[in-house]
Each structure stands twice: as C-alpha cells, then as structure tokens.
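Novice: Here you go, this is query_36.pdb (PDB, C-alpha atoms).
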```pdb
ATOM      1  CA  MET A   1     -20.626   6.274  -9.317
ATOM      2  CA  ASN A   2     -21.136   7.374 -12.904
ATOM      3  CA  VAL A   3     -19.148   5.004 -15.084
ATOM      4  CA  SER A   4     -20.015   4.728 -18.744
ATOM      5  CA  GLY A   5     -20.547   1.407 -20.444
ATOM      6  CA  GLY A   6     -23.373   0.175 -18.221
ATOM      7  CA  TYR A   7     -21.200  -0.857 -15.281
ATOM      8  CA  THR A   8     -22.625   1.536 -12.686
ATOM      9  CA  ASN A   9     -23.809  -1.384 -10.542
ATOM     10  CA  LEU A  10     -20.369  -2.844  -9.875
ATOM     11  CA  THR A  11     -19.497  -3.134  -6.200
ATOM     12  CA  PRO A  12     -16.227  -2.049  -4.555
ATOM     13  CA  THR A  13     -15.305  -5.747  -4.490
ATOM     14  CA  ALA A  14     -15.859  -6.011  -8.245
ATOM     15  CA  TRP A  15     -13.683  -2.967  -8.983
ATOM     16  CA  THR A  16     -10.979  -4.374  -6.729
ATOM     17  CA  ILE A  17     -11.077  -7.677  -8.619
ATOM     18  CA  LEU A  18     -10.741  -5.877 -11.949
ATOM     19  CA  GLY A  19      -7.833  -3.863 -10.582
ATOM     20  CA  PHE A  20      -5.922  -6.881  -9.355
ATOM     21  CA  LEU A  21      -6.588  -8.828 -12.545
ATOM     22  CA  SER A  22      -5.157  -5.903 -14.535
ATOM     23  CA  PHE A  23      -1.764  -6.909 -13.100
ATOM     24  CA  CYS A  24      -1.932 -10.615 -13.872
ATOM     25  CA  PRO A  25      -4.369 -13.562 -13.966
ATOM     26  CA  ARG A  26      -5.287 -14.944 -10.526
ATOM     27  CA  ASN A  27      -7.625 -17.383  -8.850
ATOM     28  CA  GLY A  28      -9.959 -16.459  -6.001
ATOM     29  CA  TYR A  29      -7.484 -17.429  -3.295
ATOM     30  CA  GLN A  30      -4.737 -15.327  -4.897
ATOM     31  CA  LEU A  31      -7.133 -12.370  -5.078
ATOM     32  CA  ARG A  32      -7.915 -12.679  -1.360
ATOM     33  CA  GLN A  33      -4.214 -12.782  -0.541
ATOM     34  CA  ALA A  34      -3.524  -9.730  -2.713
ATOM     35  CA  VAL A  35      -6.273  -7.793  -0.930
ATOM     36  CA  GLN A  36      -4.940  -8.721   2.506
ATOM     37  CA  ARG A  37      -1.416  -7.638   1.568
ATOM     38  CA  SER A  38      -2.321  -4.327   0.021
ATOM     39  CA  VAL A  39      -5.732  -2.618   0.141
ATOM     40  CA  GLY A  40      -7.450  -4.471   2.964
ATOM     41  CA  HIS A  41      -6.867  -1.750   5.563
ATOM     42  CA  PHE A  42      -8.345   1.109   3.514
ATOM     43  CA  TRP A  43     -10.707  -0.389   0.929
ATOM     44  CA  GLY A  44     -13.558  -2.585   2.029
ATOM     45  CA  VAL A  45     -13.620  -5.934   0.252
ATOM     46  CA  SER A  46     -16.312  -8.424   1.155
ATOM     47  CA  TYR A  47     -14.755 -11.877   1.026
ATOM     48  CA  GLY A  48     -18.235 -13.404   1.104
ATOM     49  CA  GLN A  49     -18.905 -11.612  -2.168
ATOM     50  CA  LEU A  50     -15.602 -12.421  -3.855
ATOM     51  CA  TYR A  51     -16.695 -15.600  -5.652
ATOM     52  CA  PRO A  52     -20.189 -14.323  -6.550
ATOM     53  CA  GLN A  53     -18.528 -11.178  -7.945
ATOM     54  CA  LEU A  54     -16.147 -13.300 -10.024
ATOM     55  CA  LYS A  55     -19.185 -15.045 -11.534
ATOM     56  CA  ASN A  56     -20.945 -11.719 -12.131
ATOM     57  CA  LEU A  57     -17.878 -10.201 -13.786
ATOM     58  CA  SER A  58     -17.557 -13.288 -15.967
ATOM     59  CA  ASP A  59     -21.249 -13.154 -16.902
ATOM     60  CA  THR A  60     -20.882  -9.496 -17.935
ATOM     61  CA  GLY A  61     -17.789 -10.253 -20.019
ATOM     62  CA  LEU A  62     -15.352  -8.179 -17.956
ATOM     63  CA  ILE A  63     -13.227 -11.199 -16.981
ATOM     64  CA  GLU A  64     -12.764 -14.648 -18.475
ATOM     65  CA  ALA A  65     -11.568 -18.052 -17.341
ATOM     66  CA  VAL A  66      -8.037 -19.117 -18.186
ATOM     67  CA  GLY A  67      -6.980 -22.708 -18.745
ATOM     68  CA  ASP A  68      -8.487 -26.003 -17.646
ATOM     69  CA  THR A  69      -9.913 -26.447 -14.138
ATOM     70  CA  ASP A  70     -10.978 -30.080 -14.414
ATOM     71  CA  ALA A  71      -8.103 -31.183 -12.187
ATOM     72  CA  PRO A  72      -9.297 -31.936  -8.628
ATOM     73  CA  GLY A  73      -8.639 -29.150  -6.149
ATOM     74  CA  ARG A  74      -7.559 -26.653  -8.793
ATOM     75  CA  GLN A  75      -9.171 -23.235  -8.629
ATOM     76  CA  GLN A  76     -10.328 -21.342 -11.684
ATOM     77  CA  VAL A  77      -7.867 -18.681 -12.810
ATOM     78  CA  TRP A  78      -9.339 -15.450 -14.178
ATOM     79  CA  ARG A  79      -8.004 -12.702 -16.406
ATOM     80  CA  LEU A  80      -9.241  -9.296 -17.431
ATOM     81  CA  THR A  81     -10.923  -9.035 -20.843
ATOM     82  CA  GLU A  82     -10.554  -6.087 -23.193
ATOM     83  CA  ALA A  83     -13.974  -4.848 -22.049
ATOM     84  CA  GLY A  84     -12.891  -5.279 -18.421
ATOM     85  CA  GLY A  85      -9.762  -3.237 -19.044
ATOM     86  CA  ALA A  86     -11.824  -0.481 -20.691
ATOM     87  CA  ALA A  87     -14.307  -0.442 -17.775
ATOM     88  CA  LEU A  88     -11.431  -0.292 -15.282
ATOM     89  CA  ARG A  89      -9.768   2.621 -17.123
ATOM     90  CA  THR A  90     -13.088   4.500 -17.195
ATOM     91  CA  TRP A  91     -13.587   3.910 -13.464
ATOM     92  CA  LEU A  92     -10.023   5.031 -12.714
ATOM     93  CA  ALA A  93     -10.569   8.323 -14.588
ATOM     94  CA  ALA A  94     -13.939   9.033 -12.890
ATOM     95  CA  PRO A  95     -13.940  11.229  -9.769
ATOM     96  CA  ALA A  96     -13.564   9.196  -6.589
ATOM     97  CA  GLU A  97     -16.308   9.212  -3.998
ATOM     98  CA  PRO A  98     -15.453  11.345  -0.941
ATOM     99  CA  ALA A  99     -13.562   9.274   1.620
ATOM    100  CA  GLN A 100     -15.616   8.114   4.570
ATOM    101  CA  ARG A 101     -13.727   6.602   7.440
ATOM    102  CA  ARG A 102     -15.393   4.466  10.056
ATOM    103  CA  ASP A 103     -13.189   4.193  13.110
ATOM    104  CA  GLU A 104     -14.701   2.539  16.170
ATOM    105  CA  GLY A 105     -11.557   3.223  18.192
ATOM    106  CA  LEU A 106     -11.923   6.989  17.756
ATOM    107  CA  VAL A 107     -15.627   6.815  18.623
ATOM    108  CA  LYS A 108     -14.747   4.911  21.797
ATOM    109  CA  LEU A 109     -12.028   7.449  22.581
ATOM    110  CA  LEU A 110     -14.550  10.285  22.247
ATOM    111  CA  PHE A 111     -16.675   8.745  24.996
ATOM    112  CA  SER A 112     -13.880   7.272  27.138
ATOM    113  CA  ASP A 113     -14.172  10.009  29.803
ATOM    114  CA  HIS A 114     -17.173   8.031  31.021
ATOM    115  CA  ALA A 115     -14.961   5.023  31.782
ATOM    116  CA  GLY A 116     -11.943   6.790  33.259
ATOM    117  CA  VAL A 117      -8.425   7.675  32.245
ATOM    118  CA  ASP A 118      -7.212   4.061  32.336
ATOM    119  CA  VAL A 119      -9.616   3.216  29.511
ATOM    120  CA  THR A 120      -8.469   6.294  27.597
ATOM    121  CA  ARG A 121      -4.855   5.116  27.929
ATOM    122  CA  LEU A 122      -5.856   1.600  26.887
ATOM    123  CA  LEU A 123      -7.560   2.888  23.722
ATOM    124  CA  ILE A 124      -4.451   4.886  22.784
ATOM    125  CA  ALA A 125      -2.261   1.820  23.393
ATOM    126  CA  GLN A 126      -4.579  -0.337  21.274
ATOM    127  CA  ARG A 127      -4.375   2.248  18.479
ATOM    128  CA  ARG A 128      -0.580   2.230  18.655
ATOM    129  CA  ASP A 129      -0.470  -1.589  18.417
ATOM    130  CA  GLU A 130      -2.836  -1.625  15.434
ATOM    131  CA  VAL A 131      -0.892   1.103  13.623
ATOM    132  CA  LEU A 132       2.461  -0.601  14.251
ATOM    133  CA  THR A 133       1.055  -3.831  12.799
ATOM    134  CA  ARG A 134      -0.269  -2.001   9.724
ATOM    135  CA  ARG A 135       3.027  -0.174   9.237
ATOM    136  CA  THR A 136       5.060  -3.368   9.554
ATOM    137  CA  ARG A 137       2.861  -5.126   6.992
ATOM    138  CA  ALA A 138       3.242  -2.214   4.583
ATOM    139  CA  GLU A 139       7.024  -2.217   4.989
ATOM    140  CA  GLN A 140       7.155  -5.952   4.319
ATOM    141  CA  THR A 141       4.935  -5.738   1.233
ATOM    142  CA  VAL A 142       6.881  -5.820  -2.013
ATOM    143  CA  PRO A 143       4.610  -4.810  -4.906
ATOM    144  CA  GLY A 144       4.449  -7.600  -7.473
ATOM    145  CA  ALA A 145       6.412 -10.109  -5.380
ATOM    146  CA  HIS A 146       3.567 -12.639  -5.434
ATOM    147  CA  TRP A 147       2.943 -12.499  -9.165
ATOM    148  CA  PRO A 148       3.340 -15.748 -11.065
ATOM    149  CA  PRO A 149       6.634 -16.098 -12.962
ATOM    150  CA  ASP A 150       4.856 -15.788 -16.314
ATOM    151  CA  ALA A 151       3.184 -12.441 -15.502
ATOM    152  CA  GLU A 152       3.103 -10.156 -18.505
ATOM    153  CA  ARG A 153       4.130  -7.057 -16.523
ATOM    154  CA  ASN A 154       7.325  -6.256 -14.663
ATOM    155  CA  PRO A 155       6.846  -5.579 -10.918
ATOM    156  CA  GLU A 156       9.562  -2.892 -11.184
ATOM    157  CA  ASP A 157       7.073  -0.795 -13.193
ATOM    158  CA  LEU A 158       4.554  -0.587 -10.333
ATOM    159  CA  LEU A 159       4.881   3.116  -9.567
ATOM    160  CA  ALA A 160       1.317   3.468  -8.242
ATOM    161  CA  ALA A 161       1.651   0.448  -5.939
ATOM    162  CA  ARG A 162       4.841   1.948  -4.500
ATOM    163  CA  LEU A 163       2.976   5.235  -3.943
ATOM    164  CA  VAL A 164       0.158   3.478  -2.073
ATOM    165  CA  ARG A 165       2.710   1.642   0.070
ATOM    166  CA  ALA A 166       4.482   4.938   0.841
ATOM    167  CA  HIS A 167       1.120   6.539   1.728
ATOM    168  CA  THR A 168       0.288   3.713   4.112
ATOM    169  CA  ILE A 169       3.634   4.096   5.875
ATOM    170  CA  ALA A 170       3.345   7.912   6.038
ATOM    171  CA  VAL A 171      -0.170   7.742   7.488
ATOM    172  CA  ALA A 172       0.980   5.161  10.040
ATOM    173  CA  ASP A 173       3.889   7.419  11.039
ATOM    174  CA  ALA A 174       1.482  10.336  11.495
ATOM    175  CA  GLU A 175      -0.828   8.175  13.612
ATOM    176  CA  LEU A 176       2.108   7.017  15.751
ATOM    177  CA  ALA A 177       3.091  10.656  16.305
ATOM    178  CA  TRP A 178      -0.529  11.334  17.314
ATOM    179  CA  CYS A 179      -0.340   8.452  19.824
ATOM    180  CA  ASP A 180       2.743  10.055  21.380
ATOM    181  CA  ALA A 181       0.998  13.428  21.549
ATOM    182  CA  ALA A 182      -2.202  11.872  22.929
ATOM    183  CA  GLU A 183      -0.300  10.116  25.715
ATOM    184  CA  ALA A 184       1.443  13.402  26.588
ATOM    185  CA  ILE A 185      -1.926  15.207  26.724
ATOM    186  CA  VAL A 186      -3.326  12.538  29.035
ATOM    187  CA  ASP A 187      -0.246  12.824  31.286
ATOM    188  CA  GLU A 188      -0.562  16.629  31.416
ATOM    189  CA  HIS A 189      -4.260  16.360  32.164
ATOM    190  CA  GLU A 190      -3.661  13.931  35.018
ATOM    191  CA  GLU A 191      -0.799  15.991  36.470
ATOM    192  CA  ALA A 192      -2.947  19.135  36.414
ATOM    193  CA  ARG A 193      -5.870  17.288  38.009
ATOM    194  CA  HIS A 194      -3.722  15.946  40.863
ATOM    195  CA  ALA A 195      -1.891  19.244  41.406
ATOM    196  CA  PHE A 196      -4.798  20.592  43.443
TER
END
```
Before anything else, please render the file you have as structure tokens.
Specialist:
Amino acid sequence: MNVSGGYTNLTPTAWTILGFLSFCPRNGYQLRQAVQRSVGHFWGVSYGQLYPQLKNLSDTGLIEAVGDTDAPGRQQVWRLTEAGGAALRTWLAAPAEPAQRRDEGLVKLLFSDHAGVDVTRLLIAQRRDEVLTRRTRAEQTVPGAHWPPDAERNPEDLLAARLVRAHTIAVADAELAWCDAAEAIVDEHEEARHAF
C-alpha cells in the first residue's frame, strides 16, 4: 500500500490499532476486545502481533503511552499521537486493496459431491449457524458502548461504525437467504435423482 510519510511497512494489525486508538485511548486487552466485537470477522488481526505492533507504533512515534503503569497488574494505555492521526488519515484516503476472501467452507462445498449429499447439507447447516452467530453479534454490538467514561468523542457521532454494523447485518441476511436457496436446490436435486 502506498502511504506517504514512510509508513508503508505497517501491517493490517498496526492500522487496526491506529484506527481503534483514534476513538479513545486503550490498553492491549481493550484493543483485543474491540477487534472481537467489530472487525474480527472481516479484517484479519493477528493477536500474536498485537503487543509487538504496539511497541513498533510507539517506537515510530505514531502512538504514545498514557499515565503511570507502575501499579502491579495494570496494563499500559496507549493513545494516538498527532503523527499517528496524520498517518491514519492518509491511509484512510488511499485506495483500498482489492478484497480477497478466504472461505474454507465454500471450498469444502465445491468438493462435497465426493462425500455425498449428507455432507453437502451439513456444510450448508454449518454455514447457517456461523452466519446466525455473526449476525447476532453484530446486532448486539453498540458502537462506542465500551469506551471509557472520559472518552473525548461522543459514541452518538459514530456514523461509520453504524454503517459497518449495518453492512455486517445485511451481508448476513444475504448469506442466510443463500442458505435457504441452497437447501432448496439440494432438495430439488435429490427429488429429481430419486424420481427415476
């Protein structure tokens, strides 16, 4: 990705960290929770890289530590710097990479004729369960609800977060409709096969 300012080597995890810190300061645990609630199903975030990326972003001056962490068991809280905000805005305005979706379930479905119609039905049922879970999580997610009370921004202003939530629900609804259609196609196929 071509991002000016010398930040072309930032990983998807690093950009995600900058994005979440643009809302409010957070520690590593809070960042992980934010990812799980919101972007985890469509944007790959390596949890093993989260803390190393926090250090890297701090070393490059894009984030900075907030407050005292000498208290036992207290995690370091991070906030976006002015340079981090500028890098994030530049990244946001740059063209996005073409979407690439890796979906093992669809690959399995493609080859499921080799295992029989029961496996095909099972894969469709598994897809339905996964989509229902994703849709339920999206419905239950309230943008900004987990922000600390002293956050500088108002969660009511999160237009883009509401749009992403609405997209997640709309895509899930489309996938659920596909599951219905897929089951009907399987039924028709089996009826036609047994009609002879």
Novice: Between CA of Pro12 in chain A and CA of Gly144 in chain A, what is the distance in Å, rounded to a tenth?
Specialist: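 Going from CA of Pro12 in chain A over to CA of Gly144 in chain A, I get 21.6 Å.
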Novice: Applying 12 Å and all atoms listed in the file, which residues near Glu104 in chain A remain after dropping the ones on its own chain fewer than 5 positions away? List them as JSON, numbers by chain.
Specialist: {"A": [109, 110, 111, 112, 123, 126, 127]}
Novice: Put a box with edges along x, y and z around all the listed atoms of range 87-93 of chain A, pad it by 6 Å on each side, then give me its centre and sizes in Å, one decimal, as lines of an AutoDock Vina configuration file.
Specialist:
```
center_x = -12.0
center_y = 3.9
center_z = -15.2
size_x = 16.5
size_y = 20.8
size_z = 17.1
```
Novice: Can you pull out the residues contacting Asn27 in chain A? Cut-off 9 Å, using only C-alpha atoms, and skip same-chain residues under 6 positions away; I want them as a list in words.
Specialist: Gln75, Gln76, Val77, Trp78 and Arg79 of chain A
Novice: Output the residue selection produced by the PyMOL selection byres ((chain A and resi 82-97) around 7) on the file above, formatted as number ranges by chain.
Specialist: A: 3, 18-19, 22, 61-63, 80-81, 98-99
Novice: So which residues get picked by the PyMOL selection byres ((chain A and resi 136) around 12) here, written as a ChimeraX atom specification?
Specialist: /A:37,129-135,137-142,165,168-170,172-173
Novice: Distance CA of Gln33 in chain A-CA of Val66 in chain A, one decimal place?
Specialist: 19.1 Å
Novice: In Å to one decimal, how far is CA of Thr16 in chain A from CA of Ala34 in chain A?
Specialist: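 Computing the Euclidean distance for CA of Ala34 in chain A and CA of Thr16 in chain A yields 10.0 Å.
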Novice: For the provided coordinates, the residues matched by the PyMOL selection byres ((chain A and resi 47) around 12) should be stated as a PyMOL selection string.
Specialist: chain A and resi 12-14+16-17+28-29+31-33+35-36+40+44-46+48-54
Novice: Pick from A:Arg102, A:Arg128, A:Arg26, A:Arg162: nearest to Leu176 in chain A, with only C-alpha atoms counted?
Specialist: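 Looking at the shortest contact to Leu176 in chain A, the residue is A:Arg128.
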Novice: So, with all atoms listed in the file as the atoms that count, which of A:His114, A:Leu106, A:Pro143, A:Glu64 lies closest to Val164 in chain A?
Specialist: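 Closest candidate: A:Pro143.
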Novice: From the structure just shown, export range 61-103 of chain A with N, CA and C atoms as a PDB file, in the first residue's frame.
Specialist:
```pdb
ATOM      1  N   GLY A  61       6.646   6.630  16.851  1.00  0.00           N
ATOM      2  CA  GLY A  61       6.019   7.890  17.242  1.00  0.00           C
ATOM      3  C   GLY A  61       4.575   8.048  16.811  1.00  0.00           C
ATOM      4  N   LEU A  62       3.919   6.958  16.408  1.00  0.00           N
ATOM      5  CA  LEU A  62       2.527   7.049  15.977  1.00  0.00           C
ATOM      6  C   LEU A  62       1.543   6.907  17.136  1.00  0.00           C
ATOM      7  N   ILE A  63       1.997   6.283  18.233  1.00  0.00           N
ATOM      8  CA  ILE A  63       1.202   6.215  19.461  1.00  0.00           C
ATOM      9  C   ILE A  63       2.125   6.536  20.625  1.00  0.00           C
ATOM     10  N   GLU A  64       1.527   6.848  21.768  1.00  0.00           N
ATOM     11  CA  GLU A  64       2.323   7.130  22.961  1.00  0.00           C
ATOM     12  C   GLU A  64       1.611   6.591  24.191  1.00  0.00           C
ATOM     13  N   ALA A  65       2.413   6.316  25.213  1.00  0.00           N
ATOM     14  CA  ALA A  65       1.887   5.804  26.476  1.00  0.00           C
ATOM     15  C   ALA A  65       1.159   6.918  27.219  1.00  0.00           C
ATOM     16  N   VAL A  66       0.123   6.510  27.943  1.00  0.00           N
ATOM     17  CA  VAL A  66      -0.660   7.446  28.740  1.00  0.00           C
ATOM     18  C   VAL A  66      -0.582   7.012  30.185  1.00  0.00           C
ATOM     19  N   GLY A  67      -0.283   7.922  31.079  1.00  0.00           N
ATOM     20  CA  GLY A  67      -0.343   7.633  32.507  1.00  0.00           C
ATOM     21  C   GLY A  67       0.775   6.749  33.019  1.00  0.00           C
ATOM     22  N   ASP A  68       0.616   6.348  34.275  1.00  0.00           N
ATOM     23  CA  ASP A  68       1.613   5.562  35.000  1.00  0.00           C
ATOM     24  C   ASP A  68       1.207   4.097  35.006  1.00  0.00           C
ATOM     25  N   THR A  69       2.137   3.210  34.670  1.00  0.00           N
ATOM     26  CA  THR A  69       1.832   1.769  34.672  1.00  0.00           C
ATOM     27  C   THR A  69       2.671   1.025  35.709  1.00  0.00           C
ATOM     28  N   ASP A  70       3.144   1.717  36.705  1.00  0.00           N
ATOM     29  CA  ASP A  70       3.959   1.057  37.734  1.00  0.00           C
ATOM     30  C   ASP A  70       3.125   0.193  38.674  1.00  0.00           C
ATOM     31  N   ALA A  71       1.823   0.403  38.701  1.00  0.00           N
ATOM     32  CA  ALA A  71       0.969  -0.384  39.586  1.00  0.00           C
ATOM     33  C   ALA A  71       0.938  -1.835  39.103  1.00  0.00           C
ATOM     34  N   PRO A  72       1.056  -2.799  40.030  1.00  0.00           N
ATOM     35  CA  PRO A  72       1.055  -4.211  39.623  1.00  0.00           C
ATOM     36  C   PRO A  72      -0.227  -4.597  38.892  1.00  0.00           C
ATOM     37  N   GLY A  73      -0.067  -5.332  37.805  1.00  0.00           N
ATOM     38  CA  GLY A  73      -1.202  -5.839  37.055  1.00  0.00           C
ATOM     39  C   GLY A  73      -1.879  -4.826  36.148  1.00  0.00           C
ATOM     40  N   ARG A  74      -1.378  -3.620  36.110  1.00  0.00           N
ATOM     41  CA  ARG A  74      -2.016  -2.589  35.277  1.00  0.00           C
ATOM     42  C   ARG A  74      -1.362  -2.559  33.902  1.00  0.00           C
ATOM     43  N   GLN A  75      -2.179  -2.625  32.871  1.00  0.00           N
ATOM     44  CA  GLN A  75      -1.652  -2.600  31.512  1.00  0.00           C
ATOM     45  C   GLN A  75      -1.435  -1.172  31.040  1.00  0.00           C
ATOM     46  N   GLN A  76      -0.438  -1.037  30.154  1.00  0.00           N
ATOM     47  CA  GLN A  76      -0.152   0.267  29.567  1.00  0.00           C
ATOM     48  C   GLN A  76      -1.309   0.710  28.676  1.00  0.00           C
ATOM     49  N   VAL A  77      -1.735   1.936  28.847  1.00  0.00           N
ATOM     50  CA  VAL A  77      -2.761   2.531  27.995  1.00  0.00           C
ATOM     51  C   VAL A  77      -2.047   3.368  26.939  1.00  0.00           C
ATOM     52  N   TRP A  78      -2.562   3.277  25.703  1.00  0.00           N
ATOM     53  CA  TRP A  78      -1.948   3.965  24.565  1.00  0.00           C
ATOM     54  C   TRP A  78      -2.928   4.944  23.949  1.00  0.00           C
ATOM     55  N   ARG A  79      -2.372   6.016  23.368  1.00  0.00           N
ATOM     56  CA  ARG A  79      -3.206   6.946  22.609  1.00  0.00           C
ATOM     57  C   ARG A  79      -2.491   7.312  21.316  1.00  0.00           C
ATOM     58  N   LEU A  80      -3.272   7.750  20.363  1.00  0.00           N
ATOM     59  CA  LEU A  80      -2.771   8.158  19.070  1.00  0.00           C
ATOM     60  C   LEU A  80      -2.040   9.489  19.198  1.00  0.00           C
ATOM     61  N   THR A  81      -0.892   9.621  18.540  1.00  0.00           N
ATOM     62  CA  THR A  81      -0.193  10.910  18.502  1.00  0.00           C
ATOM     63  C   THR A  81      -0.696  11.708  17.301  1.00  0.00           C
ATOM     64  N   GLU A  82      -0.253  12.937  17.199  1.00  0.00           N
ATOM     65  CA  GLU A  82      -0.607  13.757  16.038  1.00  0.00           C
ATOM     66  C   GLU A  82      -0.098  13.101  14.758  1.00  0.00           C
ATOM     67  N   ALA A  83       1.127  12.583  14.805  1.00  0.00           N
ATOM     68  CA  ALA A  83       1.689  11.897  13.626  1.00  0.00           C
ATOM     69  C   ALA A  83       0.884  10.636  13.313  1.00  0.00           C
ATOM     70  N   GLY A  84       0.436   9.920  14.339  1.00  0.00           N
ATOM     71  CA  GLY A  84      -0.377   8.736  14.133  1.00  0.00           C
ATOM     72  C   GLY A  84      -1.704   9.075  13.492  1.00  0.00           C
ATOM     73  N   GLY A  85      -2.313  10.163  13.929  1.00  0.00           N
ATOM     74  CA  GLY A  85      -3.568  10.613  13.332  1.00  0.00           C
ATOM     75  C   GLY A  85      -3.383  10.993  11.869  1.00  0.00           C
ATOM     76  N   ALA A  86      -2.266  11.661  11.558  1.00  0.00           N
ATOM     77  CA  ALA A  86      -1.992  12.048  10.167  1.00  0.00           C
ATOM     78  C   ALA A  86      -1.771  10.809   9.300  1.00  0.00           C
ATOM     79  N   ALA A  87      -1.009   9.828   9.825  1.00  0.00           N
ATOM     80  CA  ALA A  87      -0.775   8.586   9.070  1.00  0.00           C
ATOM     81  C   ALA A  87      -2.085   7.856   8.836  1.00  0.00           C
ATOM     82  N   LEU A  88      -2.938   7.804   9.856  1.00  0.00           N
ATOM     83  CA  LEU A  88      -4.229   7.123   9.728  1.00  0.00           C
ATOM     84  C   LEU A  88      -5.097   7.809   8.671  1.00  0.00           C
ATOM     85  N   ARG A  89      -5.148   9.145   8.689  1.00  0.00           N
ATOM     86  CA  ARG A  89      -5.960   9.868   7.699  1.00  0.00           C
ATOM     87  C   ARG A  89      -5.431   9.628   6.279  1.00  0.00           C
ATOM     88  N   THR A  90      -4.119   9.570   6.126  1.00  0.00           N
ATOM     89  CA  THR A  90      -3.533   9.296   4.812  1.00  0.00           C
ATOM     90  C   THR A  90      -3.904   7.895   4.355  1.00  0.00           C
ATOM     91  N   TRP A  91      -3.810   6.926   5.252  1.00  0.00           N
ATOM     92  CA  TRP A  91      -4.174   5.541   4.921  1.00  0.00           C
ATOM     93  C   TRP A  91      -5.651   5.440   4.549  1.00  0.00           C
ATOM     94  N   LEU A  92      -6.506   6.136   5.296  1.00  0.00           N
ATOM     95  CA  LEU A  92      -7.943   6.092   5.030  1.00  0.00           C
ATOM     96  C   LEU A  92      -8.267   6.646   3.642  1.00  0.00           C
ATOM     97  N   ALA A  93      -7.531   7.663   3.195  1.00  0.00           N
ATOM     98  CA  ALA A  93      -7.804   8.284   1.897  1.00  0.00           C
ATOM     99  C   ALA A  93      -7.184   7.507   0.735  1.00  0.00           C
ATOM    100  N   ALA A  94      -6.227   6.614   1.018  1.00  0.00           N
ATOM    101  CA  ALA A  94      -5.583   5.825  -0.043  1.00  0.00           C
ATOM    102  C   ALA A  94      -6.539   4.746  -0.538  1.00  0.00           C
ATOM    103  N   PRO A  95      -6.423   4.365  -1.820  1.00  0.00           N
ATOM    104  CA  PRO A  95      -7.293   3.294  -2.330  1.00  0.00           C
ATOM    105  C   PRO A  95      -7.084   2.000  -1.541  1.00  0.00           C
ATOM    106  N   ALA A  96      -8.181   1.324  -1.256  1.00  0.00           N
ATOM    107  CA  ALA A  96      -8.098   0.054  -0.530  1.00  0.00           C
ATOM    108  C   ALA A  96      -7.631  -1.049  -1.469  1.00  0.00           C
ATOM    109  N   GLU A  97      -6.926  -2.009  -0.906  1.00  0.00           N
ATOM    110  CA  GLU A  97      -6.530  -3.184  -1.670  1.00  0.00           C
ATOM    111  C   GLU A  97      -7.788  -3.954  -2.060  1.00  0.00           C
ATOM    112  N   PRO A  98      -7.792  -4.607  -3.242  1.00  0.00           N
ATOM    113  CA  PRO A  98      -8.963  -5.414  -3.602  1.00  0.00           C
ATOM    114  C   PRO A  98      -9.242  -6.472  -2.532  1.00  0.00           C
ATOM    115  N   ALA A  99     -10.512  -6.668  -2.233  1.00  0.00           N
ATOM    116  CA  ALA A  99     -10.900  -7.633  -1.204  1.00  0.00           C
ATOM    117  C   ALA A  99     -10.574  -9.045  -1.666  1.00  0.00           C
ATOM    118  N   GLN A 100      -9.976  -9.797  -0.793  1.00  0.00           N
ATOM    119  CA  GLN A 100      -9.719 -11.216  -1.033  1.00  0.00           C
ATOM    120  C   GLN A 100     -10.333 -11.986   0.116  1.00  0.00           C
ATOM    121  N   ARG A 101     -11.231 -12.876  -0.217  1.00  0.00           N
ATOM    122  CA  ARG A 101     -11.924 -13.625   0.818  1.00  0.00           C
ATOM    123  C   ARG A 101     -11.460 -15.060   0.787  1.00  0.00           C
ATOM    124  N   ARG A 102     -11.042 -15.553   1.914  1.00  0.00           N
ATOM    125  CA  ARG A 102     -10.685 -16.957   2.059  1.00  0.00           C
ATOM    126  C   ARG A 102     -11.802 -17.623   2.842  1.00  0.00           C
ATOM    127  N   ASP A 103     -12.438 -18.613   2.231  1.00  0.00           N
ATOM    128  CA  ASP A 103     -13.605 -19.221   2.843  1.00  0.00           C
ATOM    129  C   ASP A 103     -13.507 -20.733   2.682  1.00  0.00           C
TER     130      ASP A 103
END
```
